[in-house]
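Taking it in order: structure first as structure tokens, then the write-up.
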Amino acid sequence: MLVRLLRTYLRPYKGQIALLVLLLVGQTIGNLYLPNLNADIVNNGVITGNLHYILTTGEVMLGLTLVIGVFAVVAVYWASRVAMGAGADIRQAVFTKVQTFSARDMNHFGTSSLITRNTNDIQQIQLFLQMALTMMVIAPIMCVGGIVMALHEGAELSTLLLVAVPVMAAFIGVVMVKVVPQFRSMQRKIDRINEVLREQITGVRVIRAFVRNESEADRFAVANKSLTDTSLSVNRIFALALPMMMAILNLSSVAVLWFGGRLVSEGSMPIGNLTAFLTYILQILMSVMMAVMVAILLPRAAASAERVEQVLDTVVVVSDSVNPTEPTDSSGRVEFDHVSFSYPGSERPVVEDLTFVLEPGQTSAIIGGTGSGKTTLLNLIPRFFDATEGHLIVNGVDVRDQRQETLWNSLGLVPQAAYLFSGTVATNLRFGRPEATEEELWKALEIAQARDFVAAMPGGLEAPIDQGGTNVSGGQRQRLSIARALVKRPSVYLFDDCFSALDAATDARLRTALKTEINGASVVIVAQRVSTIMQADRIIVLDDGRVVGIGTHGELLATCPAYREIVVSQLGEDAAA
Amino acid sequence: MTMGAMGAMRGAARQDMRSKDLRGTVRRLSGLLGAERVKLVLAVLLGITSVGFMVAGPQVLGSATNVLFDGIVGKQFPLGTTKAQALELLRAHGHAQIATMVAGMNITPGIGVDITKLGVVLGLAASVYLLGAAFSYLQGYTMAGLTQRLIAGMRRDVEAKLSRLPLRYFDSHPHGDILSRVTNDIDNLTTTIQQGLSQLLTSVLTIAGVMGMMLWISPLLAMVCVVTIPLALVVTFLIAKRSQVHFTAQWGRTGTLNGLVEETHTGHELVQVFGRSEATIEEFARENKGLYEASFRAQFLSGVIQPSMQFIANINYVAIAVLGGYRVASGLLSLGAVTAFIQYSRQFTMPITQIASQMNMLQSGIASAERVFEFLDAEEESPELTRETPVSASASGVGSVKLENVRFRYESGKPLIEDFSLDVRPGETVAIVGPTGAGKTTIVNLLVRFYEIDSGHILLNGVDYRDLTRDEVRGCFGMVLQDTWMFAGSVHDNIAYARPGASDEEVVAAAKAAYVDTFVRTLPEGYATVLDEDASNLSSGQKQLLTIARAFLADKSILILDEATSNVDTRTEVLIQEAMSRLREGRTSFVIAHRLSTIRNANTIVVMDHGNIVEQGSHDELMARDGLYHSLYDSQFAGVET
């Protein structure tokens, strides 16, 4: 998975990567050769007191270091460019892909999961790339090169490597096996503590009302202790691991001097080679440590890559037709012609055999209990889902034959949960029509019964809005969301149960204003509250996914028992009389 | 406003990663460490011992090299001669310089390497390294305990603080911000203390130890390092400082970009229907490019530190080799000393690079600490009343509530509730009505003492609130709020939350009374079904019924009910309505009323608008007055009655 993803997204950087590898190979060879020069300085310079030799070799050495340094800097430059660039490319690809997702695809992944995939997961891959592009190249060269050079300096001594390297690798392996599960459990415990704290903040009223501060404190204390115990244990393992690795490194040096010392005394090895060998063995062990560090990141990056690829590989359920038809009509007429919708694999359709017309200039209301299919019906119009049977015709053309953009252009949606974007009141209102004038914005606010509070906000239209609209009340958010749809001036308005956050008086004023201001467009209102829709031109009553009545309030009271039941339950027997 | 400007605003809304009062925060953090003084001193001592051993290691290894070198040189002279004779021999052959060098060595002519001596020296080296590792482990072990206790204590303080903060704090600060302080910032601080403190200690000690050793071996050679070490420090910190700027930019950009992703994916349908996909993709590309540039710069600059260090270390090496070679040749220094010295000179680059890489972490850790301290310093609720004998009238009372000339303002300059009086006798119902945002919850806030009144009196069963503890007041109220808060736990536990220690039968009885028993039994594990944190596996109507069950179980003489139901289907709505009216039977109730029947039958109706109480009286009285109530009534229910 990771390999496939990287192969695709590293392709544009092929040249840079080739250059990078060359630079790293050069850098590593240089680094391997350095101890040789060091040995020469000791052997031929220091021992014989040949200052001239020390100076000239020193010059060579400095020159080499400079070259290595330049190589390293250029390598880091390209590694950063490639890693960050590929990361940015993947991020852009995922974001762009999600933009084409239909509601089904969004539901399939879940919004929060998509956010994580688009951000954290890609960060993990980026982090891995940055490390891998340098260390994954350096470590093997350094290890192999180190071994070759060590053999060259002292073949007999090299048997030591057969002990030191496996010991080091085994030790790191044991630590990993012990630490990794504990790390996971630690992460879970951090999540748990955060959960308890989050609950204490969001539930502060309930906790205090029920006088449960103490039991909350106990719950927290348990979570806190559990986390502390685990992190203590993890940190103690680390406290042991680092000194142990250093000890292995240092004891390897001691062993080199012991066995090497015998060879030197027998005269089968020059003393300078011994010091060089010392450096090589350290380098080999360091490369083992480096490889392990990359290996730690690998499983996480692979898991992230898999999650990212799932997004990129998604075949979008709803897409534009190959030969789109441009509607000639723009009146906003919506026709349901024997429309049914069912989720794949489900036994029963959510809505079934819907046949009716939503006429321009009229207000049509849809009412019915939870699960009766109201929202599903509404979601079929913007093609958040595609009807599984029948035809849904907007402006004279089946929605599947139109370009989605054309379809969306004719729609003004006010969802059940009002959502605003960070920016200002004005940027939010202009969301559907950036060129709208200030006058038009105020007009829309007036209809939406939002003029007064927006005027009272510091900055008015330029008042800041936080992400999601959390800095205004639920009712205000809903009204701004309605105003946003009004500014767009679509030919079909879709109000999805969006009046529920308003008190009845505001709701009534808003509906009156809507009725007088929206001329010619189709208005579809989904509602729970009968009082919201009583005055609609036509009311469509849904029950269990089927239309059980169409007509005005008066007509339905007389003919539709399901409607009567709703009215009685909400307004009392008097109202249905 | 352009989309770019919108993005900039979003960025500004994110927290600044830099600290405002660096010194104060650091001082306060050290103050916290003070509580662990003894352990900290122990850890420092262990650290010094460990570094001492680790630093002595190369010196001992160096003397092993000396033993080898002595042996090799000594072997070249004829056996049986003395050292003086050997030197004579060298001079005679015109090797005056070598003779000077050999004079400084400990040779026995004709005898090769003294393997026993080598063994002893290497044995010593091994023990020195092992002891160093052991002490380093002990130091790490002590530090781990110390930091974990410190952090656990800090988390405890934060949690305790949460329960001491007034409701005002929660209402005036975004929950997201509080949450991020008590979770993200604490986590970040934890990482900093956990990794930073220990490594910083070791790094500083190592630099000091290495410097000390070098001075001891050869003050002259150490002069080289006196130049190169500060050079390395300066270079590292210059680069680190520059890359820090880019790291900060990278964090900021990441925050902005994540915000954009979060917002776009959350509002996905809106973005599509309002035709903003293209514009959003463009905005994302712009932000993404910004992030790419910033993170590239940060990665690159921090990546430059390592090669620069290596280069400086190599200059150092050559300088020492030249100077050292000269000194060895003149017999003033042994070869072992030079090799040891070289090893030391290589050891200081690592701690310097380490300190530099921790600068980023430290900085963001301190910024987090500051935000946590800010939270810990927030003003707390007025101290709780303390008295020896509890007032008997409280918890088990009959349920009368009397408000006398109550005055309350959220902000002192803005008059809100002025001179409000209300006498509620046991069993009576008070309906609170008013348009959206009229401040109906203010009354609830005052009744259960989420907020304290500015003047006047509230009497509960004849006892003034000021003579009761907050918990005693709250203990008299049962509440069904619009906020149907559930915690991550079983359905049973969520209902039983109202009364710890309630039996299973009592919980089921309460659920039955709230008409939620049947539904609970359809759940996969009935009452044992675990709800997730947002109880997203329940509909809002079901949640509301569960909170009603809670109120049944709590069985308090006074009730506070919020009738508002949204996103509830008609059948559930009927259930809720019936459960609520059953709950009210025989109890004094304050109802945020939305239903005509409740309002009409209430003993008193309190009409609110713009935060104030504008009218008060029975339904008939208020209708006769022709004020706000009358017009509210008309707009809401007129259509119903015709």
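Labels used: A, B, ... for chains in the order of the structure tokens, numbers from 1 for residues in each chain, and numbers from 1 for ligands as shown.
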
Proximal residues of chain A relative to chain B (only C-alpha atoms; 6 Å) as a PDB file with N, CA and C atoms, in the first residue's frame:
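Output file selection_13.pdb is given in full below:
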```pdb
ATOM      1  N   VAL A  46      51.333  11.501  13.694  1.00  0.00           N
ATOM      2  CA  VAL A  46      51.520  11.681  15.129  1.00  0.00           C
ATOM      3  C   VAL A  46      52.652  10.794  15.637  1.00  0.00           C
ATOM      4  N   GLY A  49      55.844  11.893  14.410  1.00  0.00           N
ATOM      5  CA  GLY A  49      56.096  13.312  14.678  1.00  0.00           C
ATOM      6  C   GLY A  49      56.217  14.128  13.413  1.00  0.00           C
ATOM      7  N   ILE A  54      50.911  15.635   8.936  1.00  0.00           N
ATOM      8  CA  ILE A  54      49.634  15.918   9.624  1.00  0.00           C
ATOM      9  C   ILE A  54      48.920  17.068   8.927  1.00  0.00           C
ATOM     10  N   GLY A  58      45.654  16.710   6.945  1.00  0.00           N
ATOM     11  CA  GLY A  58      44.599  17.515   7.574  1.00  0.00           C
ATOM     12  C   GLY A  58      43.878  18.359   6.549  1.00  0.00           C
ATOM     13  N   THR A  65      35.764  16.926   4.293  1.00  0.00           N
ATOM     14  CA  THR A  65      34.636  17.259   5.174  1.00  0.00           C
ATOM     15  C   THR A  65      33.769  18.325   4.541  1.00  0.00           C
ATOM     16  N   GLY A  69      30.029  17.950   3.734  1.00  0.00           N
ATOM     17  CA  GLY A  69      29.071  18.908   4.282  1.00  0.00           C
ATOM     18  C   GLY A  69      28.178  19.466   3.195  1.00  0.00           C
ATOM     19  N   VAL A  73      24.193  19.008   2.903  1.00  0.00           N
ATOM     20  CA  VAL A  73      23.256  20.128   2.882  1.00  0.00           C
ATOM     21  C   VAL A  73      22.363  20.043   1.646  1.00  0.00           C
ATOM     22  N   VAL A  76      19.909  17.237   2.124  1.00  0.00           N
ATOM     23  CA  VAL A  76      18.803  17.606   3.014  1.00  0.00           C
ATOM     24  C   VAL A  76      17.833  18.518   2.273  1.00  0.00           C
ATOM     25  N   TYR A  77      18.383  19.413   1.473  1.00  0.00           N
ATOM     26  CA  TYR A  77      17.546  20.326   0.707  1.00  0.00           C
ATOM     27  C   TYR A  77      16.570  19.542  -0.172  1.00  0.00           C
ATOM     28  N   SER A  80      14.048  17.351   1.819  1.00  0.00           N
ATOM     29  CA  SER A  80      12.942  18.151   2.350  1.00  0.00           C
ATOM     30  C   SER A  80      11.985  18.544   1.237  1.00  0.00           C
ATOM     31  N   ARG A  81      12.546  18.964   0.106  1.00  0.00           N
ATOM     32  CA  ARG A  81      11.695  19.360  -1.029  1.00  0.00           C
ATOM     33  C   ARG A  81      10.809  18.194  -1.463  1.00  0.00           C
ATOM     34  N   MET A  84       8.290  16.977   1.567  1.00  0.00           N
ATOM     35  CA  MET A  84       7.227  17.937   1.817  1.00  0.00           C
ATOM     36  C   MET A  84       6.371  18.126   0.561  1.00  0.00           C
ATOM     37  N   ILE A 115     -11.349  13.818   7.798  1.00  0.00           N
ATOM     38  CA  ILE A 115     -10.488  14.918   8.244  1.00  0.00           C
ATOM     39  C   ILE A 115      -9.132  14.363   8.678  1.00  0.00           C
ATOM     40  N   ASN A 194      -8.791  12.239  28.498  1.00  0.00           N
ATOM     41  CA  ASN A 194      -9.358  13.366  27.761  1.00  0.00           C
ATOM     42  C   ASN A 194     -10.864  13.244  27.664  1.00  0.00           C
ATOM     43  N   GLY A 203     -20.617  18.429  30.380  1.00  0.00           N
ATOM     44  CA  GLY A 203     -21.723  18.055  31.257  1.00  0.00           C
ATOM     45  C   GLY A 203     -21.736  18.824  32.561  1.00  0.00           C
ATOM     46  N   ALA A 209     -25.850  19.864  38.867  1.00  0.00           N
ATOM     47  CA  ALA A 209     -27.251  19.750  39.252  1.00  0.00           C
ATOM     48  C   ALA A 209     -27.484  18.486  40.068  1.00  0.00           C
ATOM     49  N   PHE A 210     -26.782  17.410  39.704  1.00  0.00           N
ATOM     50  CA  PHE A 210     -26.951  16.161  40.439  1.00  0.00           C
ATOM     51  C   PHE A 210     -25.935  16.006  41.562  1.00  0.00           C
ATOM     52  N   VAL A 211     -25.179  17.090  41.836  1.00  0.00           N
ATOM     53  CA  VAL A 211     -24.192  17.076  42.913  1.00  0.00           C
ATOM     54  C   VAL A 211     -23.275  15.859  42.805  1.00  0.00           C
ATOM     55  N   ASN A 235       8.446   4.869  30.513  1.00  0.00           N
ATOM     56  CA  ASN A 235       9.618   5.727  30.691  1.00  0.00           C
ATOM     57  C   ASN A 235      10.757   5.008  31.385  1.00  0.00           C
ATOM     58  N   ARG A 236      10.395   4.048  32.240  1.00  0.00           N
ATOM     59  CA  ARG A 236      11.464   3.297  32.908  1.00  0.00           C
ATOM     60  C   ARG A 236      12.149   2.355  31.931  1.00  0.00           C
ATOM     61  N   ALA A 239      14.417   4.502  30.171  1.00  0.00           N
ATOM     62  CA  ALA A 239      15.547   4.849  31.048  1.00  0.00           C
ATOM     63  C   ALA A 239      16.597   3.742  31.002  1.00  0.00           C
ATOM     64  N   LEU A 240      16.129   2.523  30.778  1.00  0.00           N
ATOM     65  CA  LEU A 240      17.054   1.390  30.707  1.00  0.00           C
ATOM     66  C   LEU A 240      17.645   1.251  29.298  1.00  0.00           C
ATOM     67  N   PRO A 243      20.889   3.788  28.144  1.00  0.00           N
ATOM     68  CA  PRO A 243      22.195   3.418  28.704  1.00  0.00           C
ATOM     69  C   PRO A 243      22.654   2.044  28.212  1.00  0.00           C
ATOM     70  N   SER A 265      50.070  -6.403  19.068  1.00  0.00           N
ATOM     71  CA  SER A 265      51.303  -6.807  19.741  1.00  0.00           C
ATOM     72  C   SER A 265      52.000  -7.913  18.961  1.00  0.00           C
ATOM     73  N   GLY A 369     -43.462  11.326  10.500  1.00  0.00           N
ATOM     74  CA  GLY A 369     -42.699  10.995  11.699  1.00  0.00           C
ATOM     75  C   GLY A 369     -41.232  10.724  11.398  1.00  0.00           C
ATOM     76  N   THR A 370     -40.446  10.506  12.463  1.00  0.00           N
ATOM     77  CA  THR A 370     -39.049  10.136  12.288  1.00  0.00           C
ATOM     78  C   THR A 370     -38.975   8.837  11.499  1.00  0.00           C
ATOM     79  N   TRP A 408     -26.991  22.045  -9.022  1.00  0.00           N
ATOM     80  CA  TRP A 408     -26.764  22.706  -7.736  1.00  0.00           C
ATOM     81  C   TRP A 408     -27.008  24.211  -7.845  1.00  0.00           C
ATOM     82  N   GLY A 423     -15.132  33.114   9.016  1.00  0.00           N
ATOM     83  CA  GLY A 423     -15.031  34.293   8.172  1.00  0.00           C
ATOM     84  C   GLY A 423     -15.875  35.377   8.813  1.00  0.00           C
ATOM     85  N   GLY A 432     -22.989  31.573  -1.708  1.00  0.00           N
ATOM     86  CA  GLY A 432     -23.524  31.049  -2.970  1.00  0.00           C
ATOM     87  C   GLY A 432     -23.441  32.054  -4.112  1.00  0.00           C
ATOM     88  N   SER A 500     -36.926  24.523  13.417  1.00  0.00           N
ATOM     89  CA  SER A 500     -37.137  23.986  14.761  1.00  0.00           C
ATOM     90  C   SER A 500     -36.342  24.734  15.825  1.00  0.00           C
ATOM     91  N   ASP A 503     -38.137  30.050  17.864  1.00  0.00           N
ATOM     92  CA  ASP A 503     -39.363  30.003  18.643  1.00  0.00           C
ATOM     93  C   ASP A 503     -40.525  30.253  17.682  1.00  0.00           C
ATOM     94  N   ALA A 504     -41.708  29.912  18.131  1.00  0.00           N
ATOM     95  CA  ALA A 504     -42.859  29.928  17.238  1.00  0.00           C
ATOM     96  C   ALA A 504     -43.121  31.309  16.638  1.00  0.00           C
ATOM     97  N   ALA A 505     -42.902  32.359  17.427  1.00  0.00           N
ATOM     98  CA  ALA A 505     -43.204  33.696  16.914  1.00  0.00           C
ATOM     99  C   ALA A 505     -42.259  34.067  15.774  1.00  0.00           C
ATOM    100  N   ALA A 575     -57.788  21.563  17.660  1.00  0.00           N
ATOM    101  CA  ALA A 575     -57.250  22.048  16.404  1.00  0.00           C
ATOM    102  C   ALA A 575     -57.689  21.195  15.229  1.00  0.00           C
TER     103      ALA A 575
END
```

*as a PyMOL selection string, which residues of region 294-408 of chain A does DSSP assign to strand (DSSP E)?*
chain A and resi 334-341+351-358+363-367+389-394+397-398

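Near region 531-542 of chain A, within 8 Å and counting only C-alpha atoms, sit Gln362, Thr363, Ser364, Ala365, Ile366, Ile367, Gly368, Gly369, Ser372, Gly373, Lys374, Phe499, Asp507, Ala508, Arg511, Ile525, Val547, Val548, Gly549, Ile550, Gly551, Thr552, His553, Ala562 and Tyr563 of chain A; Gly639 and Val640 of chain B, not including residues fewer than 5 positions from it in the same chain.
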
*Of the listed residues B:Pro351, B:Gly611, B:Pro109, B:Pro383, that which approaches Glu411 (chain B) most closely, counting only C-alpha atoms*: B:Gly611

*Excluding same-chain residues fewer than 4 positions from Pro344 (chain A), what lies within 12 Å of it counting only C-alpha atoms, as number ranges by chain?*
A: 104, 317, 348-350, 385-388

_Selection near Glu389 (chain A), 9 Å with only C-alpha atoms, sequence-local residues under 5 positions removed, as JSON, numbers by chain_ = {"A": [338, 339, 340, 341, 342, 352, 353]}

Output for the residues just chosen: C-alpha atoms as a PDB file, in the first residue's frame:
```pdb
ATOM      1  CA  HIS A 338     -42.383   6.958  -9.322  1.00  0.00           C
ATOM      2  CA  VAL A 339     -39.177   7.606  -7.388  1.00  0.00           C
ATOM      3  CA  SER A 340     -37.890   4.994  -4.964  1.00  0.00           C
ATOM      4  CA  PHE A 341     -34.666   4.867  -3.026  1.00  0.00           C
ATOM      5  CA  SER A 342     -33.135   2.049  -1.066  1.00  0.00           C
ATOM      6  CA  GLU A 352     -41.069   4.247  -2.366  1.00  0.00           C
ATOM      7  CA  ASP A 353     -43.012   5.217  -5.468  1.00  0.00           C
TER       8      ASP A 353
END
```

_Of the listed residues B:Phe375, B:Tyr465, B:Phe519, B:Phe590, that which approaches Leu165 (chain B) most closely, counting only C-alpha atoms_ = B:Phe375

Can you pull out every residue within 7 Å of Val430 (chain B), counting only C-alpha atoms, but drop anything in the same chain fewer than 5 positions away, and send it as a PDB file with N, CA and C atoms, in the first residue's frame?
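Done, and the output landed in result.pdb:
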```pdb
ATOM      1  N   SER B 589     -42.792  22.862  40.282  1.00  0.00           N
ATOM      2  CA  SER B 589     -42.028  22.847  39.030  1.00  0.00           C
ATOM      3  C   SER B 589     -41.851  24.218  38.405  1.00  0.00           C
ATOM      4  N   PHE B 590     -40.672  24.385  37.877  1.00  0.00           N
ATOM      5  CA  PHE B 590     -40.366  25.539  37.037  1.00  0.00           C
ATOM      6  C   PHE B 590     -40.216  25.004  35.620  1.00  0.00           C
ATOM      7  N   VAL B 591     -41.055  25.455  34.709  1.00  0.00           N
ATOM      8  CA  VAL B 591     -41.044  24.879  33.369  1.00  0.00           C
ATOM      9  C   VAL B 591     -40.728  25.951  32.347  1.00  0.00           C
ATOM     10  N   ALA B 602     -50.480  26.722  34.451  1.00  0.00           N
ATOM     11  CA  ALA B 602     -49.465  27.151  35.414  1.00  0.00           C
ATOM     12  C   ALA B 602     -50.071  28.117  36.415  1.00  0.00           C
ATOM     13  N   ASN B 603     -49.561  28.070  37.658  1.00  0.00           N
ATOM     14  CA  ASN B 603     -50.038  29.003  38.667  1.00  0.00           C
ATOM     15  C   ASN B 603     -49.535  30.408  38.352  1.00  0.00           C
ATOM     16  N   THR B 604     -48.295  30.474  37.907  1.00  0.00           N
ATOM     17  CA  THR B 604     -47.719  31.761  37.552  1.00  0.00           C
ATOM     18  C   THR B 604     -46.997  31.632  36.225  1.00  0.00           C
ATOM     19  N   ILE B 605     -47.118  32.646  35.376  1.00  0.00           N
ATOM     20  CA  ILE B 605     -46.360  32.669  34.132  1.00  0.00           C
ATOM     21  C   ILE B 605     -45.390  33.830  34.226  1.00  0.00           C
TER      22      ILE B 605
END
```
